[in-house]
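S.K.: Below is the file start38.cif, with mmCIF, C-alpha atoms.
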```cif
data_work
loop_
_atom_site.label_atom_id
_atom_site.label_comp_id
_atom_site.auth_asym_id
_atom_site.auth_seq_id
_atom_site.Cartn_x
_atom_site.Cartn_y
_atom_site.Cartn_z
CA MET A 1 136.29 119.93 94.73
CA SER A 2 133.50 117.51 94.36
CA ARG A 3 134.11 114.07 95.73
CA PRO A 4 133.76 111.82 92.76
CA GLN A 5 131.43 108.87 92.96
CA ALA A 6 130.15 109.39 96.47
CA ARG A 7 129.04 106.11 98.00
CA ARG A 8 127.08 103.98 95.66
CA TRP A 9 127.39 100.56 97.12
CA GLN A 10 123.72 99.70 97.19
CA SER A 11 122.60 97.25 94.60
CA PRO A 12 119.43 98.19 92.72
CA GLU A 13 117.69 95.48 94.72
CA ASP A 14 118.57 97.09 98.03
CA GLU A 15 117.32 100.46 96.90
CA GLN A 16 113.96 98.99 96.01
CA ALA A 17 113.43 96.83 99.07
CA PRO A 18 111.36 98.69 101.64
CA ASP A 19 112.22 98.44 105.31
CA LEU A 20 109.81 95.71 106.39
CA ALA A 21 110.48 96.19 110.09
CA ALA A 22 109.57 99.88 109.91
CA LEU A 23 106.48 99.04 107.87
CA MET A 24 105.45 96.44 110.43
CA SER A 25 105.51 99.05 113.17
CA LEU A 26 103.08 101.11 111.08
CA VAL A 27 100.92 98.07 110.42
CA ALA A 28 100.76 97.45 114.17
CA ARG A 29 99.14 100.88 114.44
CA GLY A 30 96.51 99.99 111.89
CA ASP A 31 98.08 101.50 108.78
CA HIS A 32 96.42 99.80 105.82
CA ARG A 33 98.71 101.40 103.30
CA ALA A 34 101.80 100.07 105.05
CA PHE A 35 100.14 96.68 105.06
CA GLU A 36 99.69 96.85 101.30
CA GLN A 37 103.45 97.23 100.98
CA VAL A 38 104.05 94.38 103.39
CA TYR A 39 101.62 92.31 101.33
CA THR A 40 103.51 93.11 98.16
CA GLU A 41 106.77 92.00 99.74
CA LEU A 42 105.56 88.87 101.49
CA SER A 43 102.68 87.41 99.50
CA GLY A 44 105.00 85.73 96.98
CA PRO A 45 107.26 84.00 99.53
CA VAL A 46 104.30 83.07 101.77
CA TYR A 47 102.19 81.67 98.94
CA GLY A 48 105.14 79.96 97.26
CA MET A 49 106.30 78.22 100.40
CA VAL A 50 102.80 77.19 101.51
CA ARG A 51 102.22 75.86 98.01
CA GLN A 52 105.46 73.92 98.17
CA VAL A 53 104.32 72.22 101.39
CA LEU A 54 100.63 71.71 100.62
CA ARG A 55 100.75 71.26 96.83
CA ASP A 56 97.00 71.72 96.39
CA PRO A 57 96.55 75.21 94.88
CA ALA A 58 93.13 75.94 96.37
CA GLN A 59 94.19 74.89 99.84
CA SER A 60 97.45 76.80 99.53
CA GLU A 61 95.59 79.94 98.60
CA GLU A 62 93.32 79.55 101.60
CA VAL A 63 96.20 79.02 104.03
CA ALA A 64 98.29 81.82 102.52
CA GLN A 65 95.35 84.19 102.93
CA GLU A 66 94.97 83.19 106.56
CA VAL A 67 98.65 83.75 107.14
CA LEU A 68 98.71 87.20 105.52
CA LEU A 69 95.70 88.25 107.55
CA GLU A 70 97.42 86.89 110.65
CA ILE A 71 100.38 89.16 109.86
CA TRP A 72 97.98 92.09 109.94
CA ARG A 73 96.30 90.86 113.10
CA SER A 74 99.38 90.15 115.16
CA ALA A 75 101.68 92.86 113.80
CA SER A 76 102.09 94.27 117.30
CA ARG A 77 103.68 90.99 118.37
CA PHE A 78 106.52 91.32 115.90
CA ASP A 79 109.68 92.33 117.74
CA PRO A 80 112.48 93.57 115.47
CA ALA A 81 115.01 92.81 118.20
CA LYS A 82 114.29 89.10 117.74
CA GLY A 83 114.84 88.81 114.00
CA SER A 84 113.73 90.03 110.62
CA ALA A 85 110.09 90.66 109.74
CA ALA A 86 110.35 88.20 106.86
CA ALA A 87 111.59 85.44 109.18
CA TRP A 88 108.79 86.21 111.64
CA ALA A 89 106.14 86.08 108.93
CA LEU A 90 107.50 82.98 107.24
CA THR A 91 107.71 81.20 110.59
CA ILE A 92 103.99 81.80 111.03
CA ALA A 93 103.37 80.65 107.47
CA HIS A 94 105.37 77.43 107.74
CA ARG A 95 103.76 76.53 111.03
CA ARG A 96 100.29 76.99 109.53
CA ALA A 97 101.13 74.94 106.47
CA VAL A 98 102.55 72.13 108.58
CA ASP A 99 99.56 72.23 110.92
CA ARG A 100 97.34 71.79 107.89
CA VAL A 101 99.37 68.82 106.65
CA ARG A 102 99.28 67.12 110.04
CA SER A 103 95.58 67.69 110.69
CA GLU A 104 94.81 66.21 107.29
CA ASN A 105 96.99 63.21 107.91
CA ALA A 106 95.29 62.68 111.24
CA CYS A 107 91.98 62.49 109.47
CA ALA A 108 91.67 58.75 108.81
CA ALA A 109 88.95 58.94 106.20
CA ARG A 110 90.93 61.07 103.84
CA GLU A 111 89.57 60.73 100.40
CA GLN A 112 91.69 61.13 97.34
CA LYS A 113 90.26 64.16 95.62
CA VAL A 114 90.34 64.51 91.89
CA ALA A 115 92.22 67.67 91.10
CA PRO A 116 89.91 70.23 89.49
CA ASP A 117 90.90 71.80 86.24
CA LEU A 118 93.12 74.63 87.31
CA ALA A 119 95.01 75.08 84.08
CA GLU A 120 93.86 78.64 83.69
CA GLU A 121 95.02 79.64 87.16
CA HIS A 122 98.38 78.02 86.77
CA ASP A 123 99.36 80.30 83.96
CA VAL A 124 99.08 83.27 86.23
CA ALA A 125 100.30 81.84 89.50
CA GLU A 126 103.20 79.72 88.40
CA VAL A 127 105.66 82.46 87.68
CA VAL A 128 108.65 81.31 89.61
CA GLU A 129 110.81 84.29 90.23
CA ALA A 130 114.46 83.55 89.73
CA THR A 131 115.53 85.50 92.76
CA LEU A 132 118.97 85.92 94.13
CA ASP A 133 117.77 83.92 97.11
CA HIS A 134 116.77 81.07 94.89
CA GLN A 135 120.21 80.75 93.38
CA ARG A 136 122.00 81.14 96.66
CA VAL A 137 119.82 78.62 98.46
CA ARG A 138 120.36 76.15 95.63
CA ARG A 139 124.08 76.59 95.78
CA CYS A 140 124.21 76.25 99.55
CA LEU A 141 121.96 73.18 99.52
CA ASP A 142 124.36 71.63 97.01
CA GLY A 143 127.14 72.12 99.52
CA LEU A 144 125.47 69.86 102.11
CA THR A 145 125.85 66.12 102.48
CA GLU A 146 123.07 64.13 100.88
CA LEU A 147 121.61 63.16 104.24
CA GLN A 148 121.63 66.76 105.49
CA ARG A 149 120.03 68.00 102.29
CA ASP A 150 117.34 65.32 102.15
CA SER A 151 116.50 65.75 105.83
CA ILE A 152 116.11 69.50 105.51
CA LYS A 153 114.10 69.34 102.30
CA LEU A 154 111.73 66.66 103.59
CA ALA A 155 111.19 68.52 106.84
CA TYR A 156 110.83 72.02 105.46
CA TYR A 157 109.38 71.59 102.00
CA ARG A 158 107.22 68.54 102.73
CA GLY A 159 106.27 69.31 106.32
CA TYR A 160 107.42 65.92 107.65
CA SER A 161 108.30 65.49 111.31
CA TYR A 162 111.82 64.29 112.09
CA PRO A 163 110.56 60.77 113.00
CA GLN A 164 108.86 60.62 109.60
CA VAL A 165 112.05 61.81 107.95
CA ALA A 166 113.99 59.12 109.84
CA THR A 167 111.58 56.44 108.58
CA LEU A 168 111.75 57.66 105.00
CA LEU A 169 115.53 57.81 104.97
CA GLY A 170 116.00 54.65 107.02
CA VAL A 171 118.21 56.25 109.66
CA ALA A 172 118.03 56.63 113.44
CA LEU A 173 116.01 59.42 115.03
CA GLY A 174 119.05 60.97 116.67
CA THR A 175 120.87 61.02 113.35
CA VAL A 176 118.10 62.98 111.66
CA LYS A 177 117.94 65.52 114.48
CA THR A 178 121.68 66.03 114.28
CA ARG A 179 121.79 66.20 110.47
CA ILE A 180 118.95 68.74 110.32
CA ARG A 181 120.76 70.91 112.84
CA ASP A 182 124.26 70.76 111.41
CA GLY A 183 122.91 71.03 107.87
CA LEU A 184 121.02 74.20 108.75
CA ILE A 185 124.06 75.63 110.49
CA ARG A 186 126.10 74.99 107.39
CA MET A 187 123.39 76.64 105.28
CA ARG A 188 123.41 79.61 107.61
CA ASP A 189 127.16 80.03 107.29
CA CYS A 190 127.02 79.50 103.55
CA MET A 191 124.45 82.24 103.08
CA GLU A 192 126.14 84.50 105.60
CA VAL A 193 122.89 85.30 107.24
CA SER A 194 123.37 88.14 109.67
CA TRP A 195 121.87 87.59 113.10
CA MET B 1 111.07 59.74 128.81
CA LYS B 2 112.68 62.97 129.76
CA ALA B 3 115.12 64.63 127.40
CA THR B 4 118.28 66.11 128.83
CA GLY B 5 119.57 69.58 128.01
CA ASP B 6 121.99 68.23 125.41
CA ASP B 7 119.29 66.24 123.67
CA LEU B 8 117.17 69.32 123.59
CA HIS B 9 119.91 71.47 122.18
CA VAL B 10 120.17 69.21 119.16
CA LEU B 11 116.51 69.93 118.56
CA THR B 12 117.11 73.57 117.49
CA GLY B 13 117.10 72.65 113.79
CA SER B 14 114.04 70.41 113.93
CA TYR B 15 112.23 72.99 116.01
CA VAL B 16 112.92 75.74 113.50
CA LEU B 17 111.70 73.53 110.63
CA ASP B 18 108.52 72.61 112.55
CA ALA B 19 109.57 68.98 112.43
CA VAL B 20 108.74 68.34 116.11
CA SER B 21 105.52 67.20 117.79
CA ASP B 22 103.42 69.66 119.77
CA ALA B 23 104.64 68.17 123.04
CA GLU B 24 108.28 68.46 122.00
CA ARG B 25 107.71 72.03 120.87
CA GLU B 26 106.30 73.01 124.24
CA GLU B 27 109.14 71.35 126.10
CA PHE B 28 111.70 72.98 123.83
CA GLU B 29 110.15 76.42 124.22
CA ARG B 30 110.38 76.09 128.00
CA HIS B 31 114.01 75.11 127.57
CA LEU B 32 114.65 78.13 125.33
CA GLN B 33 113.76 80.52 128.11
CA ASN B 34 116.71 79.29 130.15
CA CYS B 35 119.16 78.70 127.34
CA PRO B 36 120.42 81.92 125.71
CA THR B 37 122.75 79.93 123.46
CA CYS B 38 119.85 77.89 122.06
CA GLU B 39 117.81 81.05 121.66
CA ALA B 40 120.55 82.73 119.66
CA GLU B 41 120.95 79.65 117.51
CA VAL B 42 117.20 79.44 116.88
CA ARG B 43 117.18 83.07 115.80
CA GLY B 44 119.93 82.54 113.27
CA LEU B 45 118.41 79.34 111.92
CA ARG B 46 115.00 81.04 111.57
CA GLU B 47 116.57 83.52 109.17
CA THR B 48 118.06 80.59 107.27
CA ALA B 49 114.70 78.82 107.10
CA ALA B 50 113.18 82.07 105.81
CA ARG B 51 115.63 81.93 102.91
CA LEU B 52 114.43 78.42 102.12
CA ALA B 53 110.95 79.93 101.83
CA MET B 54 112.07 82.90 99.74
CA ALA B 55 113.65 80.46 97.32
CA CYS B 56 110.20 79.17 96.34
CA THR B 57 108.60 82.56 95.84
CA VAL B 58 105.85 82.48 93.24
CA THR B 59 103.43 85.23 92.32
CA ALA B 60 100.31 84.79 94.42
CA PRO B 61 96.96 84.70 92.60
CA ALA B 62 95.83 88.29 92.01
CA ARG B 63 92.43 87.79 93.66
CA MET B 64 94.15 87.02 96.97
CA GLU B 65 95.29 90.60 97.38
CA GLN B 66 91.82 92.11 97.27
CA ARG B 67 90.47 89.46 99.62
CA VAL B 68 93.21 89.93 102.17
CA LEU B 69 93.18 93.72 102.00
CA ALA B 70 89.40 93.77 102.32
CA ALA B 71 89.58 91.38 105.28
CA THR B 72 91.97 93.67 107.14
CA TYR B 73 89.16 96.21 107.41
CA GLN B 74 87.10 93.65 109.27
CA THR B 75 89.81 92.19 111.45
CA ARG B 76 90.62 93.57 114.84
CA GLN B 77 94.34 93.69 115.59
CA LEU B 78 95.94 92.23 118.68
CA PRO B 79 97.23 94.73 121.24
CA PRO B 80 100.97 94.70 121.92
CA LEU B 81 102.17 92.42 124.67
CA PRO B 82 102.86 94.29 127.91
CA GLY B 83 106.48 95.33 128.32
CA SER B 84 107.54 94.59 124.77
CA GLY B 85 109.49 97.75 124.01
CA ARG B 86 109.07 98.62 120.38
CA GLN B 87 111.10 101.00 118.28
CA ALA B 88 111.22 102.33 114.73
CA ARG B 89 108.98 105.34 115.15
CA ILE B 90 110.94 107.20 112.50
CA LEU B 91 108.33 106.82 109.82
CA HIS B 92 105.56 108.10 112.03
CA PHE B 93 106.19 111.80 111.80
CA PRO B 94 106.76 112.18 108.06
CA ARG B 95 103.60 110.21 107.39
CA ARG B 96 101.56 112.48 109.61
CA LEU B 97 103.06 115.41 107.76
CA ALA B 98 102.17 113.87 104.41
CA LEU B 99 98.60 113.52 105.60
CA VAL B 100 98.45 117.10 106.79
CA ALA B 101 99.94 118.29 103.50
CA ALA B 102 97.39 116.27 101.57
CA ALA B 103 94.60 117.65 103.75
CA ALA B 104 95.83 121.18 103.13
CA SER B 105 95.93 120.69 99.38
CA VAL B 106 92.44 119.23 99.47
CA ALA B 107 91.19 122.17 101.52
CA ALA B 108 92.77 124.61 99.07
CA ALA B 109 91.19 122.78 96.18
CA VAL B 110 87.80 122.88 97.88
CA GLY B 111 88.18 126.63 98.46
CA LEU B 112 89.02 127.17 94.82
CA GLY B 113 86.06 125.07 93.75
CA ILE B 114 83.71 127.12 95.84
CA THR B 115 84.88 130.44 94.47
CA GLN B 116 84.14 129.22 90.97
CA LEU B 117 80.49 128.56 91.79
CA SER B 118 77.77 131.12 91.40
CA THR B 119 74.24 130.13 92.39
CA GLN B 120 73.11 129.83 96.00
CA HIS B 121 72.18 126.21 95.44
CA GLN B 122 75.62 125.39 94.12
CA LEU B 123 77.17 127.20 97.04
CA ASP B 124 75.07 125.29 99.59
CA THR B 125 75.93 122.00 97.98
CA ALA B 126 79.58 122.93 97.85
CA GLN B 127 79.60 123.89 101.51
CA ALA B 128 77.90 120.65 102.52
CA ASP B 129 80.50 118.82 100.44
CA ALA B 130 83.27 120.84 102.04
CA ALA B 131 82.08 119.77 105.50
CA ALA B 132 81.93 116.15 104.40
CA ILE B 133 85.34 116.45 102.80
CA ALA B 134 86.80 117.89 105.98
CA ARG B 135 85.31 114.99 107.93
CA VAL B 136 87.01 112.42 105.68
CA VAL B 137 90.34 114.18 105.56
CA THR B 138 90.53 114.49 109.35
CA ALA B 139 89.19 110.98 110.08
CA PRO B 140 91.55 108.99 112.31
CA ASP B 141 91.77 106.25 109.71
CA ALA B 142 92.28 108.62 106.76
CA HIS B 143 94.46 106.96 104.17
CA VAL B 144 96.13 108.84 101.33
CA GLU B 145 96.99 107.74 97.81
CA THR B 146 98.56 110.04 95.25
CA ALA B 147 99.36 109.44 91.59
CA ARG B 148 100.33 111.41 88.51
CA THR B 149 97.76 111.36 85.74
CA SER B 150 98.43 110.81 82.07
CA ALA B 151 96.64 114.14 81.52
CA GLY B 152 99.29 115.96 83.52
CA GLY B 153 99.08 117.05 87.15
CA SER B 154 98.19 114.67 89.93
CA VAL B 155 95.30 113.18 91.80
CA THR B 156 95.07 112.54 95.54
CA VAL B 157 92.52 110.22 97.08
CA VAL B 158 91.92 110.40 100.83
CA THR B 159 89.74 107.55 102.07
CA SER B 160 88.17 106.79 105.40
CA ALA B 161 87.16 103.14 105.54
CA ALA B 162 85.11 103.86 108.65
CA LEU B 163 83.10 106.61 106.92
CA ARG B 164 83.11 104.68 103.63
CA GLU B 165 83.87 107.93 101.86
CA ALA B 166 86.72 109.10 99.71
CA VAL B 167 87.81 112.60 98.73
CA VAL B 168 89.22 112.85 95.23
CA SER B 169 91.24 115.97 94.51
CA THR B 170 93.04 116.87 91.36
CA THR B 171 95.51 119.53 90.56
CA GLY B 172 97.16 120.55 87.30
CA LEU B 173 95.02 118.45 84.95
CA ALA B 174 95.34 119.53 81.33
CA HIS B 175 92.70 121.96 80.12
CA LEU B 176 90.06 120.19 78.02
CA SER B 177 88.45 121.50 74.87
CA ALA B 178 84.85 122.65 75.18
CA GLY B 179 82.47 119.75 75.21
CA ARG B 180 84.65 117.47 77.28
CA VAL B 181 85.00 116.98 81.04
CA TYR B 182 86.88 114.89 83.53
CA GLN B 183 84.65 112.33 85.23
CA VAL B 184 85.46 110.44 88.43
CA TRP B 185 84.43 106.80 88.87
CA VAL B 186 84.24 104.40 91.74
CA MET B 187 85.34 101.13 90.18
CA SER B 188 84.63 97.72 91.69
CA PRO B 189 84.47 94.22 90.24
CA ALA B 190 80.72 94.86 89.79
CA GLY B 191 81.41 97.80 87.46
CA ALA B 192 82.02 101.53 87.56
CA ARG B 193 79.66 104.18 88.91
CA SER B 194 80.08 107.89 88.49
CA ALA B 195 81.19 109.94 91.47
CA GLY B 196 80.79 113.22 89.61
CA LEU B 197 82.47 115.62 87.23
CA ILE B 198 85.46 117.78 87.97
CA PRO B 199 86.23 121.14 86.46
CA THR B 200 89.68 121.60 84.96
CA GLY B 201 92.44 122.68 87.27
CA ALA B 202 92.33 122.10 90.99
CA SER B 203 89.19 120.54 92.36
CA SER B 204 87.82 118.09 94.90
CA LEU B 205 84.79 115.92 95.16
CA LEU B 206 83.38 113.38 97.55
CA ALA B 207 82.73 109.76 96.63
CA SER B 208 80.33 107.92 98.95
CA ALA B 209 79.66 104.25 99.67
CA VAL B 210 83.24 103.37 98.92
CA LYS B 211 84.30 99.85 99.86
CA PRO B 212 87.77 98.45 100.53
CA GLY B 213 89.12 97.08 97.28
CA ASP B 214 87.35 99.71 95.17
CA ARG B 215 89.41 101.90 92.88
CA ILE B 216 89.01 105.48 91.86
CA GLY B 217 89.38 106.20 88.16
CA ILE B 218 89.29 109.42 86.15
CA THR B 219 88.32 109.50 82.48
CA VAL B 220 87.71 112.19 79.88
CA GLU B 221 84.04 112.18 78.82
CA PRO B 222 81.62 114.29 76.77
CA ALA B 223 80.25 117.37 78.58
CA GLY B 224 77.60 116.40 81.12
CA GLY B 225 79.30 113.09 81.77
CA THR B 226 78.30 109.56 80.82
CA LYS B 227 76.80 106.56 82.56
CA ARG B 228 79.83 104.39 81.99
CA PRO B 229 83.44 105.24 81.30
CA THR B 230 84.01 105.39 77.55
CA THR B 231 87.73 106.18 77.46
CA THR B 232 90.90 104.83 79.03
CA PRO B 233 91.35 106.34 82.50
CA VAL B 234 94.01 109.02 82.88
CA ALA B 235 94.54 107.70 86.41
CA VAL B 236 93.42 104.77 88.55
CA LEU B 237 94.10 104.63 92.29
CA PRO B 238 93.18 102.21 95.05
CA VAL B 239 91.07 103.65 97.85
#
```
As structure tokens, how would this structure be written, given the file I've shared?

M.R.:
Amino acid sequence: MSRPQARRWQSPEDEQAPDLAALMSLVARGDHRAFEQVYTELSGPVYGMVRQVLRDPAQSEEVAQEVLLEIWRSASRFDPAKGSAAAWALTIAHRRAVDRVRSENACAAREQKVAPDLAEEHDVAEVVEATLDHQRVRRCLDGLTELQRDSIKLAYYRGYSYPQVATLLGVALGTVKTRIRDGLIRMRDCMEVSW
Amino acid sequence: MKATGDDLHVLTGSYVLDAVSDAEREEFERHLQNCPTCEAEVRGLRETAARLAMACTVTAPARMEQRVLAATYQTRQLPPLPGSGRQARILHFPRRLALVAAAASVAAAVGLGITQLSTQHQLDTAQADAAAIARVVTAPDAHVETARTSAGGSVTVVTSAALREAVVSTTGLAHLSAGRVYQVWVMSPAGARSAGLIPTGASSLLASAVKPGDRIGITVEPAGGTKRPTTTPVAVLPV
């Protein structure tokens, strides 16, 4: 009288993924081991995204380190009622990366640095993981209008402000604001993000 | 120029993508406090933006991990904000239990170790070690790592970063032929130093001057031990 095939709906991915929110509550209490797990989960997305925005590997590493340490430092400020731990952490990360871009741009005497030879590092760091997210984001971005897609990519992946995006794309400020918003909403619906 | 509520509402997307100026951000955050609809939208779009970040995941340079983990030991954490009710305490209890269980197994191993010793000197040393071991295992910041070894059985490392000491206990390691012993090492980028020898079976020893980022390794060595590890470790654990 055994019930055959009792629930097995979890994908292998789900089984592996630790509960970041629960880990964060341990980190907030100073649990280094929980932080190691959080690090394992978030270092790739944090570093990858910061690298996407900043481009320079050395600078990206520095900013990503700051961000990950900030996650440790302000773990008690994470509120699971307000969203996922990943979104909280990546919000901090994006803000830091963008701050770095803007402070550099503000610096008038910005010299063009010759990129050091980083070939050796690239081999290790440049392993782009073909995640499910990657494919889904790609597909959903493809579903946007060109203006929506360009606006979102320039703002998020390049760290441009919406007035800068407007200048680059040759459209009105209000148009960019609207396209970023409705593009993101369409992305949200496309990816069926729960919130 | 003063933006109206409608103008501000359109800003949700740009705000989430950090595409606004500092002044606009402040104004928008004030607006958010009185606009539950905007707040809900911002929340949803934040999750979407997070997916944009996940899509460019790359493996971070390996050296970053050690640096960040080491830095956490020197970085004071912010206290929670007053009134922010937090939940998810579920993991708390089992973890405490795991720690207690680990402490108990260490204590048992220490007891066993002591009974195997004969001379007064050995006994004194063992008792001093036992006291030190108890101090580490009961330290408020005690942190436990356990792993199976390739020589059978398992090894548990309890570390207190504050005391800079680690207790290494083994249980069920395969019996070695005469002339060979298990040796414990504290491994750092600077090299490996011996933390002592362990008899076969269940045993514990104390490793001092342990730093965050160090690893504990166990190798099989000739009787009496060696200055440097000469074989592949049967287990390596972070402290």

S.K.: Once you count only C-alpha atoms, which residues end up no further than 10 Å from (85.4, 98.8, 95.3) in the file's frame, shown as a ChimeraX atom specification?

M.R.: /B:66,70,186-192,209-216,238-239

S.K.: Show me the residues close to (111.6, 59.9, 108.8) - anything with an atom within 12 Å, counting all atoms listed in the file - and format the list as a PyMOL selection string.

M.R.: (chain A and resi 147+150-155+158-177+180) or (chain B and resi 14+19-20)

S.K.: Identify all residues satisfying the PyMOL selection byres ((chain B) within 8 of (chain A)) in the given file; provide them as a ChimeraX atom specification.

M.R.: /B:10-14,17-21,43-61,64-65,67-69,71-72,75-81,84,86-92,141,143

S.K.: May I have the residues from that selection written out with C-alpha atoms, as a PDB file, in the frame of the given file?

M.R.:
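File produced: result-v3.pdb:
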```pdb
ATOM      1  CA  VAL B  10     120.170  69.210 119.160  1.00  0.00           C
ATOM      2  CA  LEU B  11     116.510  69.930 118.560  1.00  0.00           C
ATOM      3  CA  THR B  12     117.110  73.570 117.490  1.00  0.00           C
ATOM      4  CA  GLY B  13     117.100  72.650 113.790  1.00  0.00           C
ATOM      5  CA  SER B  14     114.040  70.410 113.930  1.00  0.00           C
ATOM      6  CA  LEU B  17     111.700  73.530 110.630  1.00  0.00           C
ATOM      7  CA  ASP B  18     108.520  72.610 112.550  1.00  0.00           C
ATOM      8  CA  ALA B  19     109.570  68.980 112.430  1.00  0.00           C
ATOM      9  CA  VAL B  20     108.740  68.340 116.110  1.00  0.00           C
ATOM     10  CA  SER B  21     105.520  67.200 117.790  1.00  0.00           C
ATOM     11  CA  ARG B  43     117.180  83.070 115.800  1.00  0.00           C
ATOM     12  CA  GLY B  44     119.930  82.540 113.270  1.00  0.00           C
ATOM     13  CA  LEU B  45     118.410  79.340 111.920  1.00  0.00           C
ATOM     14  CA  ARG B  46     115.000  81.040 111.570  1.00  0.00           C
ATOM     15  CA  GLU B  47     116.570  83.520 109.170  1.00  0.00           C
ATOM     16  CA  THR B  48     118.060  80.590 107.270  1.00  0.00           C
ATOM     17  CA  ALA B  49     114.700  78.820 107.100  1.00  0.00           C
ATOM     18  CA  ALA B  50     113.180  82.070 105.810  1.00  0.00           C
ATOM     19  CA  ARG B  51     115.630  81.930 102.910  1.00  0.00           C
ATOM     20  CA  LEU B  52     114.430  78.420 102.120  1.00  0.00           C
ATOM     21  CA  ALA B  53     110.950  79.930 101.830  1.00  0.00           C
ATOM     22  CA  MET B  54     112.070  82.900  99.740  1.00  0.00           C
ATOM     23  CA  ALA B  55     113.650  80.460  97.320  1.00  0.00           C
ATOM     24  CA  CYS B  56     110.200  79.170  96.340  1.00  0.00           C
ATOM     25  CA  THR B  57     108.600  82.560  95.840  1.00  0.00           C
ATOM     26  CA  VAL B  58     105.850  82.480  93.240  1.00  0.00           C
ATOM     27  CA  THR B  59     103.430  85.230  92.320  1.00  0.00           C
ATOM     28  CA  ALA B  60     100.310  84.790  94.420  1.00  0.00           C
ATOM     29  CA  PRO B  61      96.960  84.700  92.600  1.00  0.00           C
ATOM     30  CA  MET B  64      94.150  87.020  96.970  1.00  0.00           C
ATOM     31  CA  GLU B  65      95.290  90.600  97.380  1.00  0.00           C
ATOM     32  CA  ARG B  67      90.470  89.460  99.620  1.00  0.00           C
ATOM     33  CA  VAL B  68      93.210  89.930 102.170  1.00  0.00           C
ATOM     34  CA  LEU B  69      93.180  93.720 102.000  1.00  0.00           C
ATOM     35  CA  ALA B  71      89.580  91.380 105.280  1.00  0.00           C
ATOM     36  CA  THR B  72      91.970  93.670 107.140  1.00  0.00           C
ATOM     37  CA  THR B  75      89.810  92.190 111.450  1.00  0.00           C
ATOM     38  CA  ARG B  76      90.620  93.570 114.840  1.00  0.00           C
ATOM     39  CA  GLN B  77      94.340  93.690 115.590  1.00  0.00           C
ATOM     40  CA  LEU B  78      95.940  92.230 118.680  1.00  0.00           C
ATOM     41  CA  PRO B  79      97.230  94.730 121.240  1.00  0.00           C
ATOM     42  CA  PRO B  80     100.970  94.700 121.920  1.00  0.00           C
ATOM     43  CA  LEU B  81     102.170  92.420 124.670  1.00  0.00           C
ATOM     44  CA  SER B  84     107.540  94.590 124.770  1.00  0.00           C
ATOM     45  CA  ARG B  86     109.070  98.620 120.380  1.00  0.00           C
ATOM     46  CA  GLN B  87     111.100 101.000 118.280  1.00  0.00           C
ATOM     47  CA  ALA B  88     111.220 102.330 114.730  1.00  0.00           C
ATOM     48  CA  ARG B  89     108.980 105.340 115.150  1.00  0.00           C
ATOM     49  CA  ILE B  90     110.940 107.200 112.500  1.00  0.00           C
ATOM     50  CA  LEU B  91     108.330 106.820 109.820  1.00  0.00           C
ATOM     51  CA  HIS B  92     105.560 108.100 112.030  1.00  0.00           C
ATOM     52  CA  ASP B 141      91.770 106.250 109.710  1.00  0.00           C
ATOM     53  CA  HIS B 143      94.460 106.960 104.170  1.00  0.00           C
TER      54      HIS B 143
END
```

S.K.: Would you mind reading off the distance between atom CA of Val167 of chain B and atom CA of Val234 of chain B, one decimal, in Å?

M.R.: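 Separation between atom CA of Val167 of chain B and atom CA of Val234 of chain B: 17.4 Å.
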
S.K.: The PyMOL selection byres ((chain B and resi 181) around 9) on the file shown: which residues, as a PyMOL selection string?

M.R.: chain B and resi 176-180+182-183+197-200+219-225

S.K.: Since we have the selection now, will you write its residues out, keeping C-alpha atoms, as a compact mmCIF listing (two decimals), in the frame of the given file?

M.R.:
```
# COMPACT_ATOMS: atom_id res chain seq x y z
CA LEU B 176 90.06 120.19 78.02
CA SER B 177 88.45 121.50 74.87
CA ALA B 178 84.85 122.65 75.18
CA GLY B 179 82.47 119.75 75.21
CA ARG B 180 84.65 117.47 77.28
CA TYR B 182 86.88 114.89 83.53
CA GLN B 183 84.65 112.33 85.23
CA LEU B 197 82.47 115.62 87.23
CA ILE B 198 85.46 117.78 87.97
CA PRO B 199 86.23 121.14 86.46
CA THR B 200 89.68 121.60 84.96
CA THR B 219 88.32 109.50 82.48
CA VAL B 220 87.71 112.19 79.88
CA GLU B 221 84.04 112.18 78.82
CA PRO B 222 81.62 114.29 76.77
CA ALA B 223 80.25 117.37 78.58
CA GLY B 224 77.60 116.40 81.12
CA GLY B 225 79.30 113.09 81.77
```

S.K.: Can you tell me how far atom CA of Thr146 of chain B sits from atom CA of Val158 of chain B, in Å to one decimal?

M.R.: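 Here the two named atoms are 8.7 Å from each other.
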
S.K.: As an exercise, work out the distance from atom CA of Ala34 of chain A to atom CA of Ser169 of chain B in Å and give it to one decimal place.

M.R.: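 It comes out at 21.8 Å.
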
S.K.: What's the 6 Å shell around Ser194 of chain B, counting all atoms listed in the file, without same-chain residues fewer than 2 positions away, as number ranges by chain?

M.R.: B: 184-185, 196

S.K.: Taking into account all atoms listed in the file, which residue in the set B:Ile218, B:Pro140, B:Arg193, B:Arg135 is nearest to Thr170 of chain B?

M.R.: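 Looking at the shortest contact to Thr170 of chain B, the residue is B:Ile218.
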
S.K.: Within 9 Å of Thr159 of chain B, counting only C-alpha atoms, which residues show up once you throw out same-chain ones fewer than 3 positions away? Write them as an MDAnalysis selection string, please.

M.R.: chainID B and resid 136:137 139 141:145 162:168 210 239

S.K.: Assuming the chain letters and numbering stay as they are in my file, what does the PyMOL selection byres ((chain B and resi 149) around 12) actually select? List them as a PyMOL selection string.

M.R.: chain B and resi 146-148+150-156+169-174+182+217-220+232-237
